[in-house]
Amino acid sequence: MTDRKTELAANLAKVEERITAACAAAGREREEVTLIVVTKTYPASDVRILSGLGVRHVAENRDQDAAPKAAACADLPLKWHFVGQLQTNKVRSVVGYADVVQSVDRARLVTALSREAVRAEREVGCLIQVALDAGVNGRGERGGVAPDGIEELADLVGEAPGLRLDGLMTVAPLTGEYAGREQKAFQRLMDLSTDLRRTHPAATMVSAGMSADLEQAVAAGATHVRVGTAVLGVRPRLG
Ligand SMILES: *Cc1c(COP(=O)(O)O)cnc(C)c1O
């Protein structure tokens with residue numbers, strides 16, 4: 001094995017152990033939680049190694065980096081998740097490779113995604129990104145819609161050609177009532193998911209938890225965790 005492969009395999013094994021332990025502690029089956037490796041800022045060569053090590057879901061947050069990487073890895077059996085704030089002028093590109101867009105947070109974005117999905121003859125999975133720290137404007141610092149905006153967006157996605165409503169996503173807030181209370185934040189997301197599934201029963205994905213708080217997310221009931229640093233290392237630049 002190359003040094004990088006050895007390093008990634010070891011990191012992946014540690015993350016796998018953490019997820020397994022968190023599932024056991026929560027009385028959940030390991031199969032209930034899917035690991036998504038966030039490969040942002042890391043090269044396509046790392047994605048290729050991860051695929052060889054059995055990773056099946058990767059996530060990116062900037063189209064400029066993600067589009068060439070996805071193209072370089074088009075031969076691999078990977079599902080690509082887009083998790084960053086998404087401008088409508090990038091939607092055409094993102095729809096070209098993303099299987100799931102986890103950061104759907106406004107009606108204009110739903111319209112653009114639907115138009116491009118239809119044009120590309122693709123079905124794109126959508127998660128509504130929930131901002132548990134939304135200000136009075138109903139939006140989060142890092143994207144996301146306030147909880148009271150979920151239903152309207154979910155209905156829009158549900159009716160939009162080319163789109164499939166898969167569930168909810170959140171990032172643990174750094175400010176507001178949930179700051180430093182990750183498990184409470186993730187439990188709130190689970191409650192919102194329960195509400196959503198009354199009207200959209202197929203929207204079962206709950207994407208929560210990153211390197212620092214995946215245990216709390218698994219404990220709360222997350223179905224998908226998004227782990228970057230713990231697998232790939234500390235990122236060379238902000239992203
Ligand atoms: C970068 C990122 C992650 C991964 O964060 P780590 O702390 O590196 O595990 C997860 N979710 C989103 C939305 C991200 O932007």
# chains A, B, ... in the order shown; residues from 1 in each chain; ligands from 1

$ closest_atom_pairs --of "chain A" --to "ligand 1" --cutoff "7 Å" --atoms "only C-alpha atoms and all ligand atoms" --output "CSV"
residue,atom,partner,partner_atom_place_in_ligand_line,distance
A:Val38,CA,ligand 1,4 (C),5.4
A:Lys40,CA,ligand 1,1 (C),6.8
A:Asn61,CA,ligand 1,15 (O),5.9
A:Val83,CA,ligand 1,13 (C),4.8
A:Gly84,CA,ligand 1,13 (C),5.9
A:Val171,CA,ligand 1,13 (C),6.3
A:Met210,CA,ligand 1,9 (O),4.1
A:Ser211,CA,ligand 1,9 (O),3.6
A:Ala212,CA,ligand 1,7 (O),6.0
A:Arg226,CA,ligand 1,10 (C),4.7
A:Val227,CA,ligand 1,9 (O),3.8
A:Gly228,CA,ligand 1,8 (O),3.5
A:Thr229,CA,ligand 1,8 (O),3.7
A:Ala230,CA,ligand 1,9 (O),6.0
A:Gly239,CA,ligand 1,1 (C),6.3

$ closest_atom_pairs --of "stretch 46-88 of chain A" --to "stretch 102-105 of chain A" --cutoff "12 Å" --atoms "only C-alpha atoms" --output "CSV"
residue,atom,partner,partner_atom,distance
A:Ala59,CA,A:Gln102,CA,9.4
A:Glu60,CA,A:Gln102,CA,10.3
A:Asn61,CA,A:Ser103,CA,9.3
A:Arg62,CA,A:Ser103,CA,11.7
A:Trp80,CA,A:Gln102,CA,10.4
A:His81,CA,A:Gln102,CA,6.7
A:Phe82,CA,A:Gln102,CA,5.9
A:Val83,CA,A:Gln102,CA,5.1
A:Gly84,CA,A:Ser103,CA,6.2
A:Gln85,CA,A:Ser103,CA,6.3
A:Leu86,CA,A:Ser103,CA,7.2
A:Gln87,CA,A:Val104,CA,10.6
A:Thr88,CA,A:Val104,CA,10.9

$ residues_around --residues "stretch 8-23 of chain A" --least-positions-apart "6" --cutoff "7 Å" --atoms "only C-alpha atoms" --output "PyMOL selection string"
chain A and resi 29-30+53+215+218-219+230-232

$ select_by_dssp --residues "stretch 45-132 of chain A" --states "strand (DSSP E or B)" --output "VMD selection string"
chain A and resid 57 to 60 79 to 82 100 to 104 124 to 130

$ closest_residue --among "A:Pro236, A:Gly167, A:Gly144, A:Pro68" --to "A:Thr223" --atoms "only C-alpha atoms"
A:Gly167

$ closest_residue --among "A:Val206, A:Leu192, A:Val124, A:Leu76" --to "A:Gly149" --atoms "only C-alpha atoms"
A:Leu192

$ select_by_dssp --residues "stretch 5-219 of chain A" --states "alpha helix (DSSP H)" --output "JSON, numbers by chain"
{"A": [5, 6, 7, 8, 9, 10, 11, 12, 13, 14, 15, 16, 17, 18, 19, 20, 21, 22, 23, 24, 25, 26, 44, 45, 46, 47, 48, 49, 50, 51, 52, 63, 64, 65, 66, 67, 68, 69, 70, 71, 72, 91, 92, 93, 94, 95, 107, 108, 109, 110, 111, 112, 113, 114, 115, 116, 117, 118, 119, 120, 150, 151, 152, 153, 154, 155, 156, 157, 158, 159, 182, 183, 184, 185, 186, 187, 188, 189, 190, 191, 192, 193, 194, 195, 196, 197, 198, 199, 214, 215, 216, 217, 218, 219]}

$ write_last_selection --atoms "C-alpha atoms" --output "mmCIF file, in the first residue's frame"
data_model
loop_
_atom_site.group_PDB
_atom_site.id
_atom_site.type_symbol
_atom_site.label_atom_id
_atom_site.label_comp_id
_atom_site.auth_asym_id
_atom_site.auth_seq_id
_atom_site.Cartn_x
_atom_site.Cartn_y
_atom_site.Cartn_z
ATOM 1 C CA LYS A 5 -3.551 4.532 1.299
ATOM 2 C CA THR A 6 -2.236 3.205 4.616
ATOM 3 C CA GLU A 7 -3.110 6.482 6.301
ATOM 4 C CA LEU A 8 -6.621 6.671 4.851
ATOM 5 C CA ALA A 9 -7.299 3.007 5.654
ATOM 6 C CA ALA A 10 -6.263 3.560 9.278
ATOM 7 C CA ASN A 11 -8.382 6.710 9.601
ATOM 8 C CA LEU A 12 -11.343 5.023 7.989
ATOM 9 C CA ALA A 13 -11.020 2.083 10.381
ATOM 10 C CA LYS A 14 -11.075 4.472 13.347
ATOM 11 C CA VAL A 15 -14.172 6.255 12.063
ATOM 12 C CA GLU A 16 -15.810 2.901 11.377
ATOM 13 C CA GLU A 17 -15.085 1.879 14.990
ATOM 14 C CA ARG A 18 -16.607 5.108 16.263
ATOM 15 C CA ILE A 19 -19.784 4.628 14.223
ATOM 16 C CA THR A 20 -20.070 0.992 15.312
ATOM 17 C CA ALA A 21 -19.628 1.936 18.971
ATOM 18 C CA ALA A 22 -22.133 4.783 18.680
ATOM 19 C CA CYS A 23 -24.680 2.458 17.067
ATOM 20 C CA ALA A 24 -24.163 -0.143 19.798
ATOM 21 C CA ALA A 25 -24.579 2.504 22.503
ATOM 22 C CA ALA A 26 -27.803 3.697 20.887
ATOM 23 C CA ALA A 44 -9.279 13.103 -6.878
ATOM 24 C CA SER A 45 -6.454 10.654 -6.096
ATOM 25 C CA ASP A 46 -7.720 10.474 -2.500
ATOM 26 C CA VAL A 47 -11.271 9.864 -3.708
ATOM 27 C CA ARG A 48 -9.948 7.016 -5.823
ATOM 28 C CA ILE A 49 -8.131 5.479 -2.846
ATOM 29 C CA LEU A 50 -11.246 5.823 -0.675
ATOM 30 C CA SER A 51 -13.335 4.108 -3.317
ATOM 31 C CA GLY A 52 -10.820 1.252 -3.346
ATOM 32 C CA ASP A 63 -18.715 23.189 -7.471
ATOM 33 C CA GLN A 64 -15.410 24.561 -8.802
ATOM 34 C CA ASP A 65 -13.528 21.781 -6.983
ATOM 35 C CA ALA A 66 -16.187 19.111 -7.178
ATOM 36 C CA ALA A 67 -16.940 19.167 -10.913
ATOM 37 C CA PRO A 68 -13.424 18.247 -12.112
ATOM 38 C CA LYS A 69 -13.020 15.738 -9.275
ATOM 39 C CA ALA A 70 -16.283 13.993 -10.097
ATOM 40 C CA ALA A 71 -15.276 13.905 -13.766
ATOM 41 C CA ALA A 72 -11.908 12.368 -12.878
ATOM 42 C CA VAL A 91 -26.876 24.367 -10.492
ATOM 43 C CA ARG A 92 -26.433 23.150 -14.049
ATOM 44 C CA SER A 93 -22.916 21.966 -13.280
ATOM 45 C CA VAL A 94 -23.856 20.375 -9.932
ATOM 46 C CA VAL A 95 -26.757 18.459 -11.443
ATOM 47 C CA ALA A 107 -37.589 28.125 -3.451
ATOM 48 C CA ARG A 108 -35.447 29.656 -6.206
ATOM 49 C CA LEU A 109 -32.949 26.840 -5.790
ATOM 50 C CA VAL A 110 -35.695 24.219 -6.067
ATOM 51 C CA THR A 111 -36.878 25.770 -9.321
ATOM 52 C CA ALA A 112 -33.354 25.855 -10.763
ATOM 53 C CA LEU A 113 -32.558 22.290 -9.667
ATOM 54 C CA SER A 114 -35.772 20.989 -11.148
ATOM 55 C CA ARG A 115 -35.208 22.748 -14.469
ATOM 56 C CA GLU A 116 -31.658 21.399 -14.800
ATOM 57 C CA ALA A 117 -32.552 17.890 -13.605
ATOM 58 C CA VAL A 118 -35.256 17.666 -16.251
ATOM 59 C CA ARG A 119 -32.897 19.048 -18.879
ATOM 60 C CA ALA A 120 -30.201 16.496 -17.943
ATOM 61 C CA ILE A 150 -39.350 23.264 5.906
ATOM 62 C CA GLU A 151 -42.877 22.281 4.967
ATOM 63 C CA GLU A 152 -43.269 24.795 2.151
ATOM 64 C CA LEU A 153 -39.924 23.825 0.610
ATOM 65 C CA ALA A 154 -40.634 20.117 1.037
ATOM 66 C CA ASP A 155 -43.925 20.479 -0.813
ATOM 67 C CA LEU A 156 -42.152 22.378 -3.600
ATOM 68 C CA VAL A 157 -39.496 19.676 -3.960
ATOM 69 C CA GLY A 158 -42.136 16.971 -3.776
ATOM 70 C CA GLU A 159 -43.979 18.475 -6.728
ATOM 71 C CA GLU A 182 -25.043 19.104 19.488
ATOM 72 C CA GLN A 183 -27.181 16.237 20.695
ATOM 73 C CA LYS A 184 -30.101 18.565 21.475
ATOM 74 C CA ALA A 185 -29.727 20.082 18.019
ATOM 75 C CA PHE A 186 -29.739 16.670 16.344
ATOM 76 C CA GLN A 187 -32.735 15.552 18.420
ATOM 77 C CA ARG A 188 -34.570 18.642 17.220
ATOM 78 C CA LEU A 189 -33.718 17.674 13.637
ATOM 79 C CA MET A 190 -35.112 14.171 14.296
ATOM 80 C CA ASP A 191 -38.364 15.678 15.604
ATOM 81 C CA LEU A 192 -38.596 17.812 12.474
ATOM 82 C CA SER A 193 -37.972 14.690 10.389
ATOM 83 C CA THR A 194 -40.800 12.882 12.179
ATOM 84 C CA ASP A 195 -43.114 15.793 11.355
ATOM 85 C CA LEU A 196 -41.975 15.858 7.738
ATOM 86 C CA ARG A 197 -42.536 12.119 7.266
ATOM 87 C CA ARG A 198 -46.226 12.540 8.153
ATOM 88 C CA THR A 199 -46.733 14.276 4.820
ATOM 89 C CA LEU A 214 -20.894 11.972 14.841
ATOM 90 C CA GLU A 215 -21.601 10.087 18.098
ATOM 91 C CA GLN A 216 -24.242 12.620 19.112
ATOM 92 C CA ALA A 217 -25.808 12.405 15.666
ATOM 93 C CA VAL A 218 -25.964 8.600 15.743
ATOM 94 C CA ALA A 219 -27.425 8.739 19.249
#

$ atom_distance --atom1 "atom CA of A:His57" --atom2 "atom CA of A:Glu31"
14.1 Å

$ residues_around --residues "A:Gly125" --least-positions-apart "4" --cutoff "6 Å" --atoms "only C-alpha atoms" --output "ChimeraX atom specification"
/A:100,163-166

$ write_last_selection --atoms "all heavy atoms" --output "mmCIF file, in the first residue's frame"
data_model
loop_
_atom_site.group_PDB
_atom_site.id
_atom_site.type_symbol
_atom_site.label_atom_id
_atom_site.label_comp_id
_atom_site.auth_asym_id
_atom_site.auth_seq_id
_atom_site.Cartn_x
_atom_site.Cartn_y
_atom_site.Cartn_z
ATOM 1 N N VAL A 100 -27.241 13.601 -4.854
ATOM 2 C CA VAL A 100 -28.049 14.213 -3.799
ATOM 3 C C VAL A 100 -27.515 15.623 -3.526
ATOM 4 O O VAL A 100 -26.310 15.804 -3.369
ATOM 5 C CB VAL A 100 -27.976 13.386 -2.482
ATOM 6 C CG1 VAL A 100 -28.811 14.036 -1.392
ATOM 7 C CG2 VAL A 100 -28.433 11.942 -2.708
ATOM 8 N N LEU A 163 -36.920 16.026 -9.330
ATOM 9 C CA LEU A 163 -36.396 16.039 -7.960
ATOM 10 C C LEU A 163 -37.105 15.005 -7.094
ATOM 11 O O LEU A 163 -38.264 14.669 -7.333
ATOM 12 C CB LEU A 163 -36.552 17.426 -7.323
ATOM 13 C CG LEU A 163 -35.929 18.603 -8.070
ATOM 14 C CD1 LEU A 163 -36.087 19.879 -7.250
ATOM 15 C CD2 LEU A 163 -34.466 18.343 -8.390
ATOM 16 N N ARG A 164 -36.394 14.526 -6.098
ATOM 17 C CA ARG A 164 -36.932 13.533 -5.158
ATOM 18 C C ARG A 164 -36.633 14.042 -3.755
ATOM 19 O O ARG A 164 -35.475 14.357 -3.455
ATOM 20 C CB ARG A 164 -36.209 12.200 -5.420
ATOM 21 C CG ARG A 164 -36.635 11.024 -4.563
ATOM 22 C CD ARG A 164 -35.727 9.812 -4.840
ATOM 23 N NE ARG A 164 -34.375 10.054 -4.345
ATOM 24 C CZ ARG A 164 -33.271 10.000 -5.080
ATOM 25 N NH1 ARG A 164 -33.298 9.670 -6.346
ATOM 26 N NH2 ARG A 164 -32.085 10.275 -4.545
ATOM 27 N N LEU A 165 -37.622 14.158 -2.925
ATOM 28 C CA LEU A 165 -37.393 14.632 -1.555
ATOM 29 C C LEU A 165 -36.892 13.470 -0.702
ATOM 30 O O LEU A 165 -37.623 12.521 -0.442
ATOM 31 C CB LEU A 165 -38.687 15.205 -0.965
ATOM 32 C CG LEU A 165 -38.521 15.771 0.442
ATOM 33 C CD1 LEU A 165 -37.669 17.033 0.436
ATOM 34 C CD2 LEU A 165 -39.884 16.053 1.078
ATOM 35 N N ASP A 166 -35.637 13.567 -0.254
ATOM 36 C CA ASP A 166 -35.037 12.467 0.514
ATOM 37 C C ASP A 166 -35.061 12.689 2.022
ATOM 38 O O ASP A 166 -34.947 11.730 2.776
ATOM 39 C CB ASP A 166 -33.588 12.248 0.070
ATOM 40 C CG ASP A 166 -33.495 11.485 -1.263
ATOM 41 O OD1 ASP A 166 -34.485 10.844 -1.671
ATOM 42 O OD2 ASP A 166 -32.411 11.525 -1.887
#

$ decode --residues "stretch 86-195 of chain A" --atoms "C-alpha atoms" --output "PDB file, in the first residue's frame"
ATOM      1  CA  LEU A  86     -25.330  26.588  -3.795  1.00  0.00           C
ATOM      2  CA  GLN A  87     -25.736  29.568  -6.147  1.00  0.00           C
ATOM      3  CA  THR A  88     -28.306  29.088  -8.856  1.00  0.00           C
ATOM      4  CA  ASN A  89     -25.696  29.773 -11.561  1.00  0.00           C
ATOM      5  CA  LYS A  90     -23.831  26.610 -10.437  1.00  0.00           C
ATOM      6  CA  VAL A  91     -26.876  24.367 -10.492  1.00  0.00           C
ATOM      7  CA  ARG A  92     -26.433  23.150 -14.049  1.00  0.00           C
ATOM      8  CA  SER A  93     -22.916  21.966 -13.280  1.00  0.00           C
ATOM      9  CA  VAL A  94     -23.856  20.375  -9.932  1.00  0.00           C
ATOM     10  CA  VAL A  95     -26.757  18.459 -11.443  1.00  0.00           C
ATOM     11  CA  GLY A  96     -24.238  16.952 -13.867  1.00  0.00           C
ATOM     12  CA  TYR A  97     -22.644  14.835 -11.117  1.00  0.00           C
ATOM     13  CA  ALA A  98     -24.569  15.140  -7.836  1.00  0.00           C
ATOM     14  CA  ASP A  99     -26.859  12.292  -6.850  1.00  0.00           C
ATOM     15  CA  VAL A 100     -28.049  14.213  -3.799  1.00  0.00           C
ATOM     16  CA  VAL A 101     -28.052  17.933  -3.010  1.00  0.00           C
ATOM     17  CA  GLN A 102     -28.141  18.242   0.779  1.00  0.00           C
ATOM     18  CA  SER A 103     -28.266  22.030   0.935  1.00  0.00           C
ATOM     19  CA  VAL A 104     -31.676  22.881  -0.520  1.00  0.00           C
ATOM     20  CA  ASP A 105     -32.804  25.962   1.385  1.00  0.00           C
ATOM     21  CA  ARG A 106     -34.872  28.249  -0.829  1.00  0.00           C
ATOM     22  CA  ALA A 107     -37.589  28.125  -3.451  1.00  0.00           C
ATOM     23  CA  ARG A 108     -35.447  29.656  -6.206  1.00  0.00           C
ATOM     24  CA  LEU A 109     -32.949  26.840  -5.790  1.00  0.00           C
ATOM     25  CA  VAL A 110     -35.695  24.219  -6.067  1.00  0.00           C
ATOM     26  CA  THR A 111     -36.878  25.770  -9.321  1.00  0.00           C
ATOM     27  CA  ALA A 112     -33.354  25.855 -10.763  1.00  0.00           C
ATOM     28  CA  LEU A 113     -32.558  22.290  -9.667  1.00  0.00           C
ATOM     29  CA  SER A 114     -35.772  20.989 -11.148  1.00  0.00           C
ATOM     30  CA  ARG A 115     -35.208  22.748 -14.469  1.00  0.00           C
ATOM     31  CA  GLU A 116     -31.658  21.399 -14.800  1.00  0.00           C
ATOM     32  CA  ALA A 117     -32.552  17.890 -13.605  1.00  0.00           C
ATOM     33  CA  VAL A 118     -35.256  17.666 -16.251  1.00  0.00           C
ATOM     34  CA  ARG A 119     -32.897  19.048 -18.879  1.00  0.00           C
ATOM     35  CA  ALA A 120     -30.201  16.496 -17.943  1.00  0.00           C
ATOM     36  CA  GLU A 121     -32.793  13.730 -17.681  1.00  0.00           C
ATOM     37  CA  ARG A 122     -31.596  12.965 -14.177  1.00  0.00           C
ATOM     38  CA  GLU A 123     -33.356  12.478 -10.862  1.00  0.00           C
ATOM     39  CA  VAL A 124     -31.685  14.471  -8.107  1.00  0.00           C
ATOM     40  CA  GLY A 125     -32.278  13.639  -4.455  1.00  0.00           C
ATOM     41  CA  CYS A 126     -32.848  16.688  -2.249  1.00  0.00           C
ATOM     42  CA  LEU A 127     -32.406  17.266   1.455  1.00  0.00           C
ATOM     43  CA  ILE A 128     -33.815  20.411   3.005  1.00  0.00           C
ATOM     44  CA  GLN A 129     -30.991  22.048   4.954  1.00  0.00           C
ATOM     45  CA  VAL A 130     -32.338  23.184   8.303  1.00  0.00           C
ATOM     46  CA  ALA A 131     -30.787  26.155  10.104  1.00  0.00           C
ATOM     47  CA  LEU A 132     -31.384  25.649  13.817  1.00  0.00           C
ATOM     48  CA  ASP A 133     -29.665  28.995  14.397  1.00  0.00           C
ATOM     49  CA  ALA A 134     -31.709  30.941  11.857  1.00  0.00           C
ATOM     50  CA  GLY A 135     -32.072  34.623  12.577  1.00  0.00           C
ATOM     51  CA  VAL A 136     -35.179  36.741  12.154  1.00  0.00           C
ATOM     52  CA  ASN A 137     -34.715  36.548   8.380  1.00  0.00           C
ATOM     53  CA  GLY A 138     -35.402  32.796   8.626  1.00  0.00           C
ATOM     54  CA  ARG A 139     -31.977  31.843   7.287  1.00  0.00           C
ATOM     55  CA  GLY A 140     -28.782  30.445   8.813  1.00  0.00           C
ATOM     56  CA  GLU A 141     -25.273  31.924   8.675  1.00  0.00           C
ATOM     57  CA  ARG A 142     -24.083  28.927   6.688  1.00  0.00           C
ATOM     58  CA  GLY A 143     -27.221  28.418   4.665  1.00  0.00           C
ATOM     59  CA  GLY A 144     -30.328  26.544   5.644  1.00  0.00           C
ATOM     60  CA  VAL A 145     -33.927  27.456   6.251  1.00  0.00           C
ATOM     61  CA  ALA A 146     -35.583  27.956   9.639  1.00  0.00           C
ATOM     62  CA  PRO A 147     -37.708  25.012  10.860  1.00  0.00           C
ATOM     63  CA  ASP A 148     -40.957  26.804  10.014  1.00  0.00           C
ATOM     64  CA  GLY A 149     -39.880  27.019   6.370  1.00  0.00           C
ATOM     65  CA  ILE A 150     -39.350  23.264   5.906  1.00  0.00           C
ATOM     66  CA  GLU A 151     -42.877  22.281   4.967  1.00  0.00           C
ATOM     67  CA  GLU A 152     -43.269  24.795   2.151  1.00  0.00           C
ATOM     68  CA  LEU A 153     -39.924  23.825   0.610  1.00  0.00           C
ATOM     69  CA  ALA A 154     -40.634  20.117   1.037  1.00  0.00           C
ATOM     70  CA  ASP A 155     -43.925  20.479  -0.813  1.00  0.00           C
ATOM     71  CA  LEU A 156     -42.152  22.378  -3.600  1.00  0.00           C
ATOM     72  CA  VAL A 157     -39.496  19.676  -3.960  1.00  0.00           C
ATOM     73  CA  GLY A 158     -42.136  16.971  -3.776  1.00  0.00           C
ATOM     74  CA  GLU A 159     -43.979  18.475  -6.728  1.00  0.00           C
ATOM     75  CA  ALA A 160     -40.922  19.433  -8.781  1.00  0.00           C
ATOM     76  CA  PRO A 161     -40.179  17.292 -11.858  1.00  0.00           C
ATOM     77  CA  GLY A 162     -36.736  15.686 -11.729  1.00  0.00           C
ATOM     78  CA  LEU A 163     -36.396  16.039  -7.960  1.00  0.00           C
ATOM     79  CA  ARG A 164     -36.932  13.533  -5.158  1.00  0.00           C
ATOM     80  CA  LEU A 165     -37.393  14.632  -1.555  1.00  0.00           C
ATOM     81  CA  ASP A 166     -35.037  12.467   0.514  1.00  0.00           C
ATOM     82  CA  GLY A 167     -35.111  14.166   3.916  1.00  0.00           C
ATOM     83  CA  LEU A 168     -33.364  16.727   6.108  1.00  0.00           C
ATOM     84  CA  MET A 169     -29.813  17.878   6.792  1.00  0.00           C
ATOM     85  CA  THR A 170     -28.293  20.136   9.419  1.00  0.00           C
ATOM     86  CA  VAL A 171     -24.963  21.396  10.678  1.00  0.00           C
ATOM     87  CA  ALA A 172     -24.725  21.783  14.463  1.00  0.00           C
ATOM     88  CA  PRO A 173     -25.087  25.521  15.189  1.00  0.00           C
ATOM     89  CA  LEU A 174     -22.153  27.488  16.579  1.00  0.00           C
ATOM     90  CA  THR A 175     -24.435  30.227  17.908  1.00  0.00           C
ATOM     91  CA  GLY A 176     -27.883  30.522  19.430  1.00  0.00           C
ATOM     92  CA  GLU A 177     -29.691  28.203  21.831  1.00  0.00           C
ATOM     93  CA  TYR A 178     -28.071  25.042  20.401  1.00  0.00           C
ATOM     94  CA  ALA A 179     -24.451  26.241  20.499  1.00  0.00           C
ATOM     95  CA  GLY A 180     -22.377  23.527  22.198  1.00  0.00           C
ATOM     96  CA  ARG A 181     -25.466  21.298  22.542  1.00  0.00           C
ATOM     97  CA  GLU A 182     -25.043  19.104  19.488  1.00  0.00           C
ATOM     98  CA  GLN A 183     -27.181  16.237  20.695  1.00  0.00           C
ATOM     99  CA  LYS A 184     -30.101  18.565  21.475  1.00  0.00           C
ATOM    100  CA  ALA A 185     -29.727  20.082  18.019  1.00  0.00           C
ATOM    101  CA  PHE A 186     -29.739  16.670  16.344  1.00  0.00           C
ATOM    102  CA  GLN A 187     -32.735  15.552  18.420  1.00  0.00           C
ATOM    103  CA  ARG A 188     -34.570  18.642  17.220  1.00  0.00           C
ATOM    104  CA  LEU A 189     -33.718  17.674  13.637  1.00  0.00           C
ATOM    105  CA  MET A 190     -35.112  14.171  14.296  1.00  0.00           C
ATOM    106  CA  ASP A 191     -38.364  15.678  15.604  1.00  0.00           C
ATOM    107  CA  LEU A 192     -38.596  17.812  12.474  1.00  0.00           C
ATOM    108  CA  SER A 193     -37.972  14.690  10.389  1.00  0.00           C
ATOM    109  CA  THR A 194     -40.800  12.882  12.179  1.00  0.00           C
ATOM    110  CA  ASP A 195     -43.114  15.793  11.355  1.00  0.00           C
TER     111      ASP A 195
END
